[in-house]
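J.: Input my_file.csv, format and content: CSV, C-alpha atoms and all ligand atoms.
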chain,number,residue,atom,x,y,z
A,1,MET,CA,102.0,107.7,87.8
A,2,ARG,CA,102.7,104.5,89.7
A,3,PRO,CA,100.1,104.1,92.5
A,4,ILE,CA,101.4,104.4,96.0
A,5,TYR,CA,100.9,100.9,97.2
A,6,LEU,CA,100.2,100.7,100.9
A,7,ASP,CA,98.4,97.3,100.9
A,8,HIS,CA,101.2,94.9,101.6
A,9,ASN,CA,99.1,92.9,104.1
A,10,ALA,CA,96.7,92.1,101.2
A,11,THR,CA,99.4,91.0,98.9
A,12,THR,CA,103.0,92.0,98.1
A,13,PRO,CA,104.6,92.8,94.7
A,14,GLN,CA,106.5,89.7,93.4
A,15,ASP,CA,110.2,90.3,93.7
A,16,PRO,CA,112.0,90.3,90.4
A,17,GLY,CA,114.5,87.7,91.7
A,18,VAL,CA,111.5,85.4,92.5
A,19,THR,CA,110.2,85.8,88.9
A,20,ARG,CA,113.7,85.0,87.5
A,21,ALA,CA,114.0,81.9,89.6
A,22,MET,CA,110.6,80.7,88.5
A,23,LEU,CA,111.4,81.3,84.8
A,24,ALA,CA,114.7,79.5,85.1
A,25,CYS,CA,112.8,76.5,86.6
A,26,LEU,CA,110.3,76.5,83.7
A,27,GLU,CA,112.9,76.9,80.9
A,28,PRO,CA,114.3,73.4,80.7
A,29,GLY,CA,110.8,72.0,80.0
A,30,PRO,CA,108.4,69.6,81.8
A,31,GLY,CA,109.2,67.3,84.6
A,32,ASN,CA,107.1,65.6,87.2
A,33,PRO,CA,109.0,65.1,90.5
A,34,SER,CA,107.5,61.6,90.7
A,35,SER,CA,108.9,60.5,87.4
A,36,VAL,CA,112.2,58.5,87.5
A,37,HIS,CA,113.7,59.8,84.2
A,38,ALA,CA,116.1,62.8,84.0
A,39,PRO,CA,113.5,65.6,83.6
A,40,GLY,CA,111.6,64.1,86.6
A,41,ARG,CA,114.7,63.9,88.7
A,42,ARG,CA,115.5,67.5,87.8
A,43,ALA,CA,112.1,68.6,89.0
A,44,ARG,CA,112.5,66.5,92.2
A,45,GLY,CA,115.9,68.2,92.8
A,46,ALA,CA,114.4,71.7,92.4
A,47,LEU,CA,111.5,70.8,94.7
A,48,GLU,CA,113.7,69.4,97.5
A,49,GLU,CA,116.1,72.4,97.2
A,50,ALA,CA,113.0,74.7,97.6
A,51,ARG,CA,111.8,72.7,100.6
A,52,SER,CA,115.2,73.1,102.2
A,53,ALA,CA,115.2,76.9,101.7
A,54,VAL,CA,111.8,77.2,103.3
A,55,ALA,CA,112.9,75.0,106.2
A,56,THR,CA,116.0,77.1,106.8
A,57,LEU,CA,113.9,80.3,107.0
A,58,LEU,CA,111.9,78.7,109.9
A,59,GLY,CA,114.9,77.0,111.7
A,60,ALA,CA,113.2,73.6,110.8
A,61,ALA,CA,114.3,70.3,109.2
A,62,ASP,CA,113.6,69.8,105.4
A,63,ARG,CA,111.2,67.0,105.6
A,64,GLU,CA,108.9,68.9,107.9
A,65,VAL,CA,107.8,71.4,105.2
A,66,LEU,CA,104.8,70.6,103.0
A,67,PHE,CA,104.0,72.7,100.0
A,68,THR,CA,100.3,73.9,99.7
A,69,SER,CA,98.3,76.2,97.5
A,70,GLY,CA,98.6,79.0,100.1
A,71,ALA,CA,98.0,79.7,103.7
A,72,THR,CA,94.2,79.1,103.5
A,73,GLU,CA,95.0,75.4,102.6
A,74,ALA,CA,97.7,75.2,105.2
A,75,ASN,CA,95.4,76.5,108.0
A,76,ASN,CA,92.6,74.1,106.9
A,77,MET,CA,95.1,71.2,106.9
A,78,ALA,CA,96.3,72.1,110.4
A,79,LEU,CA,92.9,72.3,112.0
A,80,GLN,CA,91.0,69.7,110.0
A,81,GLY,CA,94.0,67.3,109.9
A,82,VAL,CA,94.6,67.3,113.6
A,83,VAL,CA,90.9,66.9,114.5
A,84,ALA,CA,90.3,64.2,111.9
A,85,ALA,CA,93.4,62.3,113.1
A,86,ARG,CA,91.8,62.1,116.6
A,87,GLY,CA,88.5,60.8,115.2
A,88,GLY,CA,86.7,64.2,114.9
A,89,ASP,CA,86.0,64.6,118.6
A,90,GLY,CA,87.5,67.0,121.1
A,91,HIS,CA,88.3,70.6,121.8
A,92,LEU,CA,90.0,73.4,120.0
A,93,ILE,CA,91.3,76.7,121.3
A,94,LEU,CA,91.9,79.7,119.1
A,95,SER,CA,92.0,83.5,119.5
A,96,ALA,CA,89.0,85.7,118.8
A,97,VAL,CA,91.1,87.6,116.1
A,98,GLU,CA,92.2,84.7,113.8
A,99,HIS,CA,92.0,85.0,110.1
A,100,PRO,CA,88.8,83.6,108.5
A,101,SER,CA,90.9,80.7,107.2
A,102,VAL,CA,91.2,79.6,110.8
A,103,GLU,CA,88.0,81.0,112.3
A,104,ARG,CA,85.6,79.6,109.7
A,105,VAL,CA,87.2,76.2,109.8
A,106,ALA,CA,86.8,76.2,113.5
A,107,ALA,CA,83.2,77.3,113.2
A,108,TRP,CA,82.5,74.5,110.7
A,109,LEU,CA,84.1,71.9,113.0
A,110,GLU,CA,82.0,73.3,115.8
A,111,GLY,CA,78.9,72.6,113.7
A,112,LEU,CA,80.1,69.0,113.5
A,113,GLY,CA,80.3,68.7,117.2
A,114,VAL,CA,83.9,69.8,118.1
A,115,ALA,CA,84.0,72.1,121.1
A,116,VAL,CA,85.7,75.5,120.4
A,117,THR,CA,87.0,78.0,122.9
A,118,ARG,CA,87.7,81.5,121.5
A,119,LEU,CA,90.2,83.4,123.6
A,120,PRO,CA,89.4,87.1,124.2
A,121,VAL,CA,91.8,89.8,123.4
A,122,ASP,CA,92.4,93.0,125.4
A,123,ALA,CA,91.8,96.5,124.1
A,124,ALA,CA,95.2,96.5,122.3
A,125,GLY,CA,94.3,93.2,120.6
A,126,CYS,CA,96.5,90.9,122.6
A,127,VAL,CA,95.8,87.4,124.0
A,128,ASP,CA,96.7,86.7,127.6
A,129,PRO,CA,98.8,83.4,127.6
A,130,GLU,CA,97.2,82.6,131.0
A,131,ASP,CA,93.8,82.4,129.3
A,132,VAL,CA,95.3,79.6,127.1
A,133,ARG,CA,96.3,77.7,130.3
A,134,ARG,CA,92.8,78.2,131.8
A,135,ALA,CA,91.1,77.1,128.6
A,136,LEU,CA,93.0,73.8,128.2
A,137,ARG,CA,91.0,70.6,128.8
A,138,PRO,CA,91.9,67.0,128.9
A,139,ASP,CA,90.4,66.6,125.4
A,140,THR,CA,92.0,69.7,123.8
A,141,LEU,CA,93.4,68.7,120.4
A,142,LEU,CA,95.0,71.9,119.2
A,143,VAL,CA,95.6,75.5,120.1
A,144,SER,CA,95.8,77.9,117.2
A,145,VAL,CA,97.0,81.5,117.6
A,146,MET,CA,98.3,83.7,114.9
A,147,LEU,CA,101.7,85.4,115.2
A,148,ALA,CA,100.7,88.8,113.8
A,149,ASN,CA,97.3,90.0,112.9
A,150,ASN,CA,96.6,91.0,109.3
A,151,GLU,CA,94.4,94.0,110.2
A,152,THR,CA,96.2,95.6,113.2
A,153,GLY,CA,99.6,94.1,112.9
A,154,VAL,CA,99.5,93.2,116.6
A,155,VAL,CA,102.0,90.5,117.5
A,156,GLN,CA,100.7,87.8,119.9
A,157,PRO,CA,102.9,86.5,122.8
A,158,VAL,CA,103.3,83.2,120.9
A,159,PRO,CA,106.5,82.0,122.8
A,160,ALA,CA,104.7,82.3,126.1
A,161,ILE,CA,101.7,80.5,124.7
A,162,GLY,CA,104.1,77.8,123.3
A,163,ALA,CA,105.7,77.2,126.7
A,164,ILE,CA,102.2,76.5,128.1
A,165,THR,CA,101.1,74.2,125.3
A,166,ARG,CA,104.4,72.3,125.5
A,167,GLU,CA,104.0,71.8,129.2
A,168,ALA,CA,100.5,70.5,128.6
A,169,GLY,CA,101.5,68.3,125.6
A,170,VAL,CA,99.0,70.0,123.3
A,171,PRO,CA,100.1,70.9,119.8
A,172,LEU,CA,100.3,74.7,118.9
A,173,HIS,CA,99.5,75.9,115.4
A,174,VAL,CA,100.7,79.4,114.4
A,175,ASP,CA,99.4,81.3,111.4
A,176,ALA,CA,102.6,83.2,110.7
A,177,VAL,CA,101.5,84.6,107.3
A,178,GLN,CA,101.9,88.3,108.1
A,179,ALA,CA,105.1,87.9,110.2
A,180,VAL,CA,107.3,86.1,107.7
A,181,GLY,CA,110.1,88.4,106.5
A,182,ARG,CA,108.9,91.1,108.8
A,183,LEU,CA,110.1,89.5,112.0
A,184,ARG,CA,112.8,86.9,112.6
A,185,LEU,CA,111.2,83.4,112.9
A,186,ASP,CA,112.3,80.2,114.6
A,187,VAL,CA,109.8,77.4,115.2
A,188,GLU,CA,111.7,76.3,118.3
A,189,GLU,CA,111.7,79.7,119.9
A,190,LEU,CA,108.0,80.1,119.1
A,191,GLY,CA,107.2,76.7,120.7
A,192,ALA,CA,105.1,75.9,117.7
A,193,ASP,CA,104.2,72.4,116.3
A,194,LEU,CA,102.6,73.6,113.1
A,195,LEU,CA,103.1,76.9,111.2
A,196,SER,CA,101.4,78.3,108.1
A,197,LEU,CA,102.9,80.7,105.6
A,198,SER,CA,101.9,82.2,102.2
A,199,GLY,CA,104.1,83.1,99.2
A,200,HIS,CA,102.2,86.2,98.1
A,201,LYS,CA,102.6,88.0,101.5
A,202,MET,CA,106.4,87.7,101.4
A,203,PHE,CA,107.2,89.0,97.8
A,204,GLY,CA,106.7,85.5,96.4
A,205,PRO,CA,104.1,84.0,94.0
A,206,ARG,CA,100.4,83.9,94.7
A,207,GLY,CA,98.8,80.4,95.0
A,208,VAL,CA,101.6,78.7,96.9
A,209,GLY,CA,102.3,78.4,100.6
A,210,ALA,CA,103.5,75.9,103.1
A,211,LEU,CA,102.6,74.1,106.3
A,212,TRP,CA,105.5,73.3,108.6
A,213,MET,CA,104.7,70.5,111.1
A,214,ARG,CA,106.6,68.3,113.5
A,215,PRO,CA,106.9,64.9,111.8
A,216,CYS,CA,105.7,63.0,114.8
A,217,LEU,CA,102.4,64.8,114.7
A,218,GLU,CA,99.4,62.9,113.5
A,219,LEU,CA,97.6,64.6,110.7
A,220,GLU,CA,94.9,63.3,108.4
A,221,PRO,CA,95.4,64.6,104.9
A,222,LEU,CA,92.9,67.0,103.3
A,223,LEU,CA,93.7,65.7,99.8
A,224,ARG,CA,94.1,62.0,99.2
A,225,GLY,CA,95.5,60.6,95.9
A,226,GLY,CA,99.0,59.9,94.7
A,227,GLY,CA,100.6,60.3,98.1
A,228,GLN,CA,102.9,63.2,97.3
A,229,GLU,CA,104.4,65.4,100.0
A,230,PHE,CA,105.1,62.4,102.2
A,231,GLY,CA,101.6,61.1,101.8
A,232,ARG,CA,100.3,64.2,103.6
A,233,ARG,CA,99.2,66.3,100.6
A,234,SER,CA,98.4,64.5,97.3
A,235,GLY,CA,98.6,66.2,94.0
A,236,THR,CA,101.4,66.8,91.5
A,237,GLU,CA,103.6,69.4,93.0
A,238,ASN,CA,103.7,73.0,91.8
A,239,VAL,CA,107.5,73.0,91.3
A,240,PRO,CA,107.8,76.6,89.8
A,241,GLY,CA,105.6,77.9,92.6
A,242,ALA,CA,107.7,76.1,95.3
A,243,VAL,CA,110.9,77.5,93.6
A,244,GLY,CA,109.4,81.0,93.8
A,245,LEU,CA,108.5,80.5,97.4
A,246,ALA,CA,112.0,79.3,98.2
A,247,GLU,CA,113.5,82.4,96.6
A,248,ALA,CA,111.1,84.6,98.6
A,249,ALA,CA,112.2,82.6,101.7
A,250,ARG,CA,115.8,83.4,101.0
A,251,LEU,CA,115.0,87.1,100.7
A,252,ALA,CA,112.8,86.9,103.9
A,253,ARG,CA,115.8,85.7,105.9
A,254,ARG,CA,117.5,89.0,105.3
A,255,SER,CA,114.4,91.3,105.4
A,256,PRO,CA,113.5,91.8,109.1
A,257,GLU,CA,116.4,94.3,109.4
A,258,ARG,CA,115.1,96.3,106.4
A,259,TYR,CA,111.7,96.4,108.1
A,260,ARG,CA,113.2,97.6,111.3
A,261,ASP,CA,115.6,100.2,109.8
A,262,GLU,CA,113.7,101.4,106.7
A,263,VAL,CA,110.0,100.5,107.0
A,264,LEU,CA,109.4,101.3,110.7
A,265,PRO,CA,110.6,104.9,110.4
A,266,LEU,CA,108.2,105.4,107.4
A,267,ARG,CA,105.3,104.0,109.5
A,268,CYS,CA,106.2,106.2,112.4
A,269,ARG,CA,106.3,109.3,110.2
A,270,LEU,CA,103.0,108.3,108.7
A,271,GLU,CA,101.3,107.8,112.1
A,272,GLU,CA,102.7,111.1,113.4
A,273,GLY,CA,101.5,113.0,110.2
A,274,LEU,CA,98.1,111.4,110.3
A,275,ARG,CA,97.6,112.5,114.0
A,276,GLU,CA,98.5,116.0,113.0
A,277,VAL,CA,96.2,116.1,109.9
A,278,TRP,CA,93.3,114.3,111.7
A,279,PRO,CA,93.2,115.3,115.4
A,280,GLY,CA,91.4,112.4,117.2
A,281,ALA,CA,92.8,109.7,114.9
A,282,VAL,CA,93.2,106.5,116.8
A,283,ILE,CA,95.9,103.9,116.1
A,284,HIS,CA,94.4,100.5,116.9
A,285,GLY,CA,96.8,98.2,118.9
A,286,ALA,CA,99.2,101.1,119.6
A,287,GLY,CA,99.8,99.8,123.1
A,288,ALA,CA,100.9,96.3,121.9
A,289,PRO,CA,103.9,95.0,120.0
A,290,ARG,CA,103.1,95.5,116.3
A,291,LEU,CA,104.6,94.5,113.0
A,292,PRO,CA,106.9,97.3,111.8
A,293,ASN,CA,104.8,97.9,108.6
A,294,THR,CA,101.2,98.0,109.7
A,295,ALA,CA,99.0,100.8,111.0
A,296,LEU,CA,95.3,100.4,111.4
A,297,VAL,CA,94.0,103.9,112.0
A,298,ALA,CA,90.5,105.1,112.9
A,299,PHE,CA,89.6,108.6,111.6
A,300,PRO,CA,86.5,109.6,113.6
A,301,GLY,CA,83.9,111.2,111.2
A,302,LEU,CA,85.3,109.6,108.1
A,303,ASP,CA,83.3,107.1,106.0
A,304,GLY,CA,86.1,104.5,105.6
A,305,GLU,CA,84.6,102.8,102.5
A,306,ALA,CA,84.2,106.1,100.6
A,307,ALA,CA,87.7,107.2,101.7
A,308,VAL,CA,89.2,104.0,100.2
A,309,MET,CA,87.7,104.9,96.9
A,310,ARG,CA,88.7,108.6,97.1
A,311,LEU,CA,92.2,107.6,97.9
A,312,ASP,CA,92.2,105.2,95.0
A,313,LEU,CA,91.3,108.0,92.7
A,314,GLU,CA,94.3,110.0,94.2
A,315,GLY,CA,96.6,107.1,93.4
A,316,VAL,CA,96.9,105.7,97.0
A,317,ALA,CA,96.0,102.0,97.3
A,318,LEU,CA,95.1,100.8,100.8
A,319,SER,CA,92.4,98.7,102.5
A,320,LEU,CA,89.5,99.0,104.8
A,321,GLY,CA,90.5,96.5,107.5
A,322,SER,CA,91.2,93.1,106.1
A,323,ALA,CA,91.1,92.6,102.3
A,324,CYS,CA,89.1,89.4,102.9
A,325,ALA,CA,86.4,91.3,104.8
A,326,ALA,CA,86.4,94.3,102.5
A,327,GLY,CA,83.3,94.8,100.4
A,328,THR,CA,81.0,94.0,103.3
A,329,MET,CA,79.6,96.7,105.6
A,330,ARG,CA,80.1,94.5,108.6
A,331,PRO,CA,82.6,96.0,111.0
A,332,SER,CA,85.7,94.0,111.4
A,333,SER,CA,85.4,91.1,113.9
A,334,VAL,CA,89.0,91.9,115.0
A,335,LEU,CA,88.0,95.4,116.1
A,336,GLU,CA,84.8,94.1,117.6
A,337,ALA,CA,86.9,91.6,119.7
A,338,MET,CA,89.0,94.6,120.8
A,339,GLY,CA,85.9,96.4,122.0
A,340,VAL,CA,86.0,99.1,119.3
A,341,ALA,CA,82.7,100.9,118.7
A,342,PRO,CA,81.2,100.0,115.2
A,343,GLU,CA,81.3,103.7,114.0
A,344,LEU,CA,84.9,104.0,114.9
A,345,ALA,CA,85.6,100.6,113.3
A,346,ARG,CA,83.9,101.7,110.0
A,347,SER,CA,86.2,104.8,109.9
A,348,SER,CA,89.3,102.7,110.1
A,349,LEU,CA,91.8,102.3,107.3
A,350,ARG,CA,94.7,99.9,107.1
A,351,PHE,CA,98.1,101.1,105.9
A,352,SER,CA,100.5,98.3,105.3
A,353,LEU,CA,103.9,99.3,104.1
A,354,GLY,CA,106.8,97.5,102.5
A,355,PRO,CA,110.5,98.1,101.8
A,356,ASP,CA,109.4,99.3,98.3
A,357,ASN,CA,107.8,102.4,99.8
A,358,ASP,CA,109.7,105.6,100.3
A,359,ALA,CA,109.5,108.9,102.3
A,360,ALA,CA,108.1,110.8,99.3
A,361,GLU,CA,105.2,108.4,99.1
A,362,ILE,CA,104.4,108.9,102.7
A,363,GLU,CA,104.4,112.7,102.4
A,364,ARG,CA,102.2,112.5,99.3
A,365,THR,CA,99.7,110.2,101.3
A,366,LEU,CA,99.7,112.8,104.1
A,367,GLU,CA,98.9,115.5,101.6
A,368,VAL,CA,95.9,113.5,100.3
A,369,PHE,CA,94.7,113.2,103.9
A,370,ARG,CA,95.2,116.9,104.5
A,371,ASN,CA,92.9,117.5,101.4
A,372,LEU,CA,90.4,115.0,102.7
A,373,ALA,CA,90.2,116.8,106.1
A,374,ALA,CA,90.0,120.2,104.4
A,375,ALA,CA,87.2,119.0,102.1
A,376,GLY,CA,85.1,118.4,105.2
A,377,GLU,CA,85.3,114.7,105.3
A,378,GLY,CA,86.7,115.0,108.8
A,379,ALA,CA,83.8,116.6,110.5
A,380,GLY,CA,84.2,114.2,113.4
A,381,ALA,CA,87.9,115.2,113.7
A,382,ARG,CA,87.0,118.9,114.1
A,383,ALA,CA,84.4,118.0,116.6
A,384,GLY,CA,87.1,116.1,118.5
A,385,GLY,CA,85.5,112.7,117.7
A,386,ALA,CA,85.7,110.2,120.6
A,387,ALA,CA,88.5,107.6,120.6
B,1,LIG,C1,96.8,86.0,108.7
B,1,LIG,C2,96.4,85.4,107.4
B,1,LIG,N1,96.3,84.1,107.3
B,1,LIG,C3,95.9,83.4,106.2
B,1,LIG,C4,95.7,84.1,105.0
B,1,LIG,C5,95.3,83.3,103.8
B,1,LIG,O1,96.4,83.3,102.9
B,1,LIG,P1,96.3,82.8,101.4
B,1,LIG,O2,95.9,84.0,100.6
B,1,LIG,O3,97.7,82.3,101.0
B,1,LIG,O4,95.3,81.7,101.3
B,1,LIG,C6,95.9,85.5,105.0
B,1,LIG,C7,95.6,86.3,103.8
B,1,LIG,O5,95.0,87.4,103.9
B,1,LIG,C8,96.2,86.2,106.2
B,1,LIG,O6,96.4,87.5,106.3
Kindly present the structure from the file in structure tokens form.

T.:
Amino acid sequence: MRPIYLDHNATTPQDPGVTRAMLACLEPGPGNPSSVHAPGRRARGALEEARSAVATLLGAADREVLFTSGATEANNMALQGVVAARGGDGHLILSAVEHPSVERVAAWLEGLGVAVTRLPVDAAGCVDPEDVRRALRPDTLLVSVMLANNETGVVQPVPAIGAITREAGVPLHVDAVQAVGRLRLDVEELGADLLSLSGHKMFGPRGVGALWMRPCLELEPLLRGGGQEFGRRSGTENVPGAVGLAEAARLARRSPERYRDEVLPLRCRLEEGLREVWPGAVIHGAGAPRLPNTALVAFPGLDGEAAVMRLDLEGVALSLGSACAAGTMRPSSVLEAMGVAPELARSSLRFSLGPDNDAAEIERTLEVFRNLAAAGEGAGARAGGAA
């Protein structure tokens, strides 16, 4: 039986149309976009067409999109590139709930002498835009706030933050990895200056992503070499990957409606059912705007790590918090920033749905949870575990 895949925030299945586009790009044979002969020109044409499709998704101009190996590279490029362009000195502002590919870069830069302010979040996981205003300094180089959190799905008030950074003349970087295809995106409406996305979170290929940036922005490259990608990211381009990402971007332009009309009702049913099965279940970030596909739920009394394995045996694939933090017993830093007690954090499971899920899968998942509760795994639930 096909597993019930509820881990779309870790990675999404590759869309068959994406695979077809990549195969069609490979079929004619080799071609380096930097070569002047016909195969090279064909590869260049495919690459530029792909760039245009990604730009269209973001409401941006073609030349502003740089292809990368994924969002980790895009986030590194944004933070390291802006800091290095200003001589490595200054101040960064980020939220306390950023993905490690932002947080750990900031921590590393901090070790090199860059000042870093981490903005707190409230109990629902939201940044207060006024905290951004208060944190700004004359030497602030960049503000980095994600659009949607990978663990909770909480959507940050990025347009309000963008209005503040614009007024202050400080660039804003937005990690939009989890929002692409799930929410409608427009870089102008967000007030962003740089934005990261990743193919494998949007039904595209793994190992390819993009950094959008305003062309006037100064950015030192991470990778120096042959000067590809307008001199900003050297290395022979991954043309089939870019073509796959472009196809995923075309699909993503149409998918926010599917998330709203098809995925959100499934998530609502799941949350309602889980609350019935497990009295005392807590939905993290429930008081904030959230992605339509994500529910991070604490089940007081449940050993989250053991539950993920039990669920796997029952054919339900989901994560304990973030896939990147899974495997460690450390409670999620996102939940910590939200003030969630460590025991409750450790009982939390992340359900992240996609348009490929259906109502029968949700009912089957609820049945598995009913069995877990009946088997006594929910001792805390019956004792009315604290929220
Ligand atoms: C919010 C967020 N940013 C960045 C990344 C890193 O993306 P990639 O796997 O493309 O490096 C992830 C992946 O989990 C993510 O969820």

J.: Do you know which residues are within 9 Å of ligand LIG 1 (chain B) using only C-alpha atoms and all ligand atoms? Can you write them as number ranges by chain?

T.: A: 9-11, 68-75, 98-102, 146-151, 175-179, 196-201, 206-210, 322-324

J.: So which residues touch Met213 of chain A within 12 Å, counting only C-alpha atoms, skipping near sequence neighbours fewer than 2 positions away, as a PDB file with C-alpha atoms, in the coordinates of the input?

T.:
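Saved to result.pdb:
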ATOM      1  CA  ALA A  55     112.900  75.000 106.200  1.00  0.00           C
ATOM      2  CA  LEU A  58     111.900  78.700 109.900  1.00  0.00           C
ATOM      3  CA  ALA A  60     113.200  73.600 110.800  1.00  0.00           C
ATOM      4  CA  ALA A  61     114.300  70.300 109.200  1.00  0.00           C
ATOM      5  CA  ASP A  62     113.600  69.800 105.400  1.00  0.00           C
ATOM      6  CA  ARG A  63     111.200  67.000 105.600  1.00  0.00           C
ATOM      7  CA  GLU A  64     108.900  68.900 107.900  1.00  0.00           C
ATOM      8  CA  VAL A  65     107.800  71.400 105.200  1.00  0.00           C
ATOM      9  CA  LEU A  66     104.800  70.600 103.000  1.00  0.00           C
ATOM     10  CA  PHE A  67     104.000  72.700 100.000  1.00  0.00           C
ATOM     11  CA  ALA A  74      97.700  75.200 105.200  1.00  0.00           C
ATOM     12  CA  ASN A  75      95.400  76.500 108.000  1.00  0.00           C
ATOM     13  CA  MET A  77      95.100  71.200 106.900  1.00  0.00           C
ATOM     14  CA  ALA A  78      96.300  72.100 110.400  1.00  0.00           C
ATOM     15  CA  LEU A  79      92.900  72.300 112.000  1.00  0.00           C
ATOM     16  CA  GLY A  81      94.000  67.300 109.900  1.00  0.00           C
ATOM     17  CA  VAL A  82      94.600  67.300 113.600  1.00  0.00           C
ATOM     18  CA  PRO A 171     100.100  70.900 119.800  1.00  0.00           C
ATOM     19  CA  LEU A 172     100.300  74.700 118.900  1.00  0.00           C
ATOM     20  CA  HIS A 173      99.500  75.900 115.400  1.00  0.00           C
ATOM     21  CA  VAL A 174     100.700  79.400 114.400  1.00  0.00           C
ATOM     22  CA  VAL A 187     109.800  77.400 115.200  1.00  0.00           C
ATOM     23  CA  GLU A 188     111.700  76.300 118.300  1.00  0.00           C
ATOM     24  CA  GLY A 191     107.200  76.700 120.700  1.00  0.00           C
ATOM     25  CA  ALA A 192     105.100  75.900 117.700  1.00  0.00           C
ATOM     26  CA  ASP A 193     104.200  72.400 116.300  1.00  0.00           C
ATOM     27  CA  LEU A 194     102.600  73.600 113.100  1.00  0.00           C
ATOM     28  CA  LEU A 195     103.100  76.900 111.200  1.00  0.00           C
ATOM     29  CA  SER A 196     101.400  78.300 108.100  1.00  0.00           C
ATOM     30  CA  LEU A 197     102.900  80.700 105.600  1.00  0.00           C
ATOM     31  CA  ALA A 210     103.500  75.900 103.100  1.00  0.00           C
ATOM     32  CA  LEU A 211     102.600  74.100 106.300  1.00  0.00           C
ATOM     33  CA  PRO A 215     106.900  64.900 111.800  1.00  0.00           C
ATOM     34  CA  CYS A 216     105.700  63.000 114.800  1.00  0.00           C
ATOM     35  CA  LEU A 217     102.400  64.800 114.700  1.00  0.00           C
ATOM     36  CA  GLU A 218      99.400  62.900 113.500  1.00  0.00           C
ATOM     37  CA  LEU A 219      97.600  64.600 110.700  1.00  0.00           C
ATOM     38  CA  ARG A 232     100.300  64.200 103.600  1.00  0.00           C
TER      39      ARG A 232
END

J.: What is the atom CA of Leu251 of chain A-atom CA of Thr236 of chain A distance in Å, reported with one decimal?

T.: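 That distance, rounded to one decimal, is 26.1 Å.
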
J.: With distances taken over all atoms listed in the file, which residue among A:Leu366, A:Met202, A:Pro265, A:Ala249 lies nearest Pro13 of chain A?

T.: A:Met202

J.: Would you give me, as CSV, each residue of segment 147-244 of chain A having an atom within 8 Å of an atom of segment 289-312 of chain A, along with its shortest atom pair and that distance in Å to one decimal, using all atoms listed in the file and sorting by chain and residue number?

T.:
residue,atom,partner,partner_atom,distance
A:Ala148,CA,A:Leu291,CA,7.0
A:Glu151,CA,A:Leu296,CA,6.6
A:Thr152,CA,A:Leu296,CA,5.2
A:Gly153,CA,A:Leu291,CA,5.0
A:Val154,CA,A:Arg290,CA,4.3
A:Val155,CA,A:Arg290,CA,5.3
A:Gln156,CA,A:Pro289,CA,7.9
A:Ala179,CA,A:Leu291,CA,7.2
A:Arg182,CA,A:Leu291,CA,6.9
A:Leu183,CA,A:Leu291,CA,7.5

J.: At a cut-off of 12 Å, using all atoms listed in the file, what residues contact Val282 of chain A? Leave out same-chain residues fewer than 2 positions from it and give the result as a ChimeraX atom specification.

T.: /A:124,152,271-272,274-276,278-280,284-287,295-301,340,344-345,347-350,381,384-387

J.: One decimal, in Å: what's the spacing between atom CA of Arg364 of chain A and atom CA of Val18 of chain A?

T.: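 If I compute the distance from atom CA of Arg364 of chain A to atom CA of Val18 of chain A, I get 29.4 Å.
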
J.: From the block you just saw, export segment 20-27 of chain A: N, CA, C and O atoms, as a PDB file, in the first residue's frame.

T.:
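This is the output file result-v3.pdb:
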ATOM      1  N   ARG A  20       8.880  15.210 -17.049  1.00  0.00           N
ATOM      2  CA  ARG A  20       8.806  15.211 -18.525  1.00  0.00           C
ATOM      3  C   ARG A  20       9.609  16.377 -19.098  1.00  0.00           C
ATOM      4  O   ARG A  20      10.371  16.209 -20.061  1.00  0.00           O
ATOM      5  N   ALA A  21       9.476  17.542 -18.488  1.00  0.00           N
ATOM      6  CA  ALA A  21      10.203  18.721 -18.993  1.00  0.00           C
ATOM      7  C   ALA A  21      11.713  18.508 -18.875  1.00  0.00           C
ATOM      8  O   ALA A  21      12.475  18.879 -19.778  1.00  0.00           O
ATOM      9  N   MET A  22      12.151  17.886 -17.785  1.00  0.00           N
ATOM     10  CA  MET A  22      13.591  17.666 -17.592  1.00  0.00           C
ATOM     11  C   MET A  22      14.120  16.639 -18.598  1.00  0.00           C
ATOM     12  O   MET A  22      15.211  16.803 -19.164  1.00  0.00           O
ATOM     13  N   LEU A  23      13.314  15.590 -18.839  1.00  0.00           N
ATOM     14  CA  LEU A  23      13.744  14.561 -19.810  1.00  0.00           C
ATOM     15  C   LEU A  23      13.828  15.173 -21.209  1.00  0.00           C
ATOM     16  O   LEU A  23      14.785  14.924 -21.954  1.00  0.00           O
ATOM     17  N   ALA A  24      12.847  16.003 -21.534  1.00  0.00           N
ATOM     18  CA  ALA A  24      12.839  16.629 -22.861  1.00  0.00           C
ATOM     19  C   ALA A  24      14.057  17.532 -23.025  1.00  0.00           C
ATOM     20  O   ALA A  24      14.598  17.675 -24.126  1.00  0.00           O
ATOM     21  N   CYS A  25      14.502  18.117 -21.934  1.00  0.00           N
ATOM     22  CA  CYS A  25      15.667  19.001 -21.990  1.00  0.00           C
ATOM     23  C   CYS A  25      16.952  18.181 -22.166  1.00  0.00           C
ATOM     24  O   CYS A  25      17.900  18.624 -22.824  1.00  0.00           O
ATOM     25  N   LEU A  26      16.964  16.963 -21.605  1.00  0.00           N
ATOM     26  CA  LEU A  26      18.170  16.120 -21.692  1.00  0.00           C
ATOM     27  C   LEU A  26      18.289  15.423 -23.041  1.00  0.00           C
ATOM     28  O   LEU A  26      19.393  15.137 -23.505  1.00  0.00           O
ATOM     29  N   GLU A  27      17.128  15.117 -23.655  1.00  0.00           N
ATOM     30  CA  GLU A  27      17.109  14.284 -24.859  1.00  0.00           C
ATOM     31  C   GLU A  27      18.014  14.756 -26.001  1.00  0.00           C
ATOM     32  O   GLU A  27      18.753  13.958 -26.560  1.00  0.00           O
TER      33      GLU A  27
END
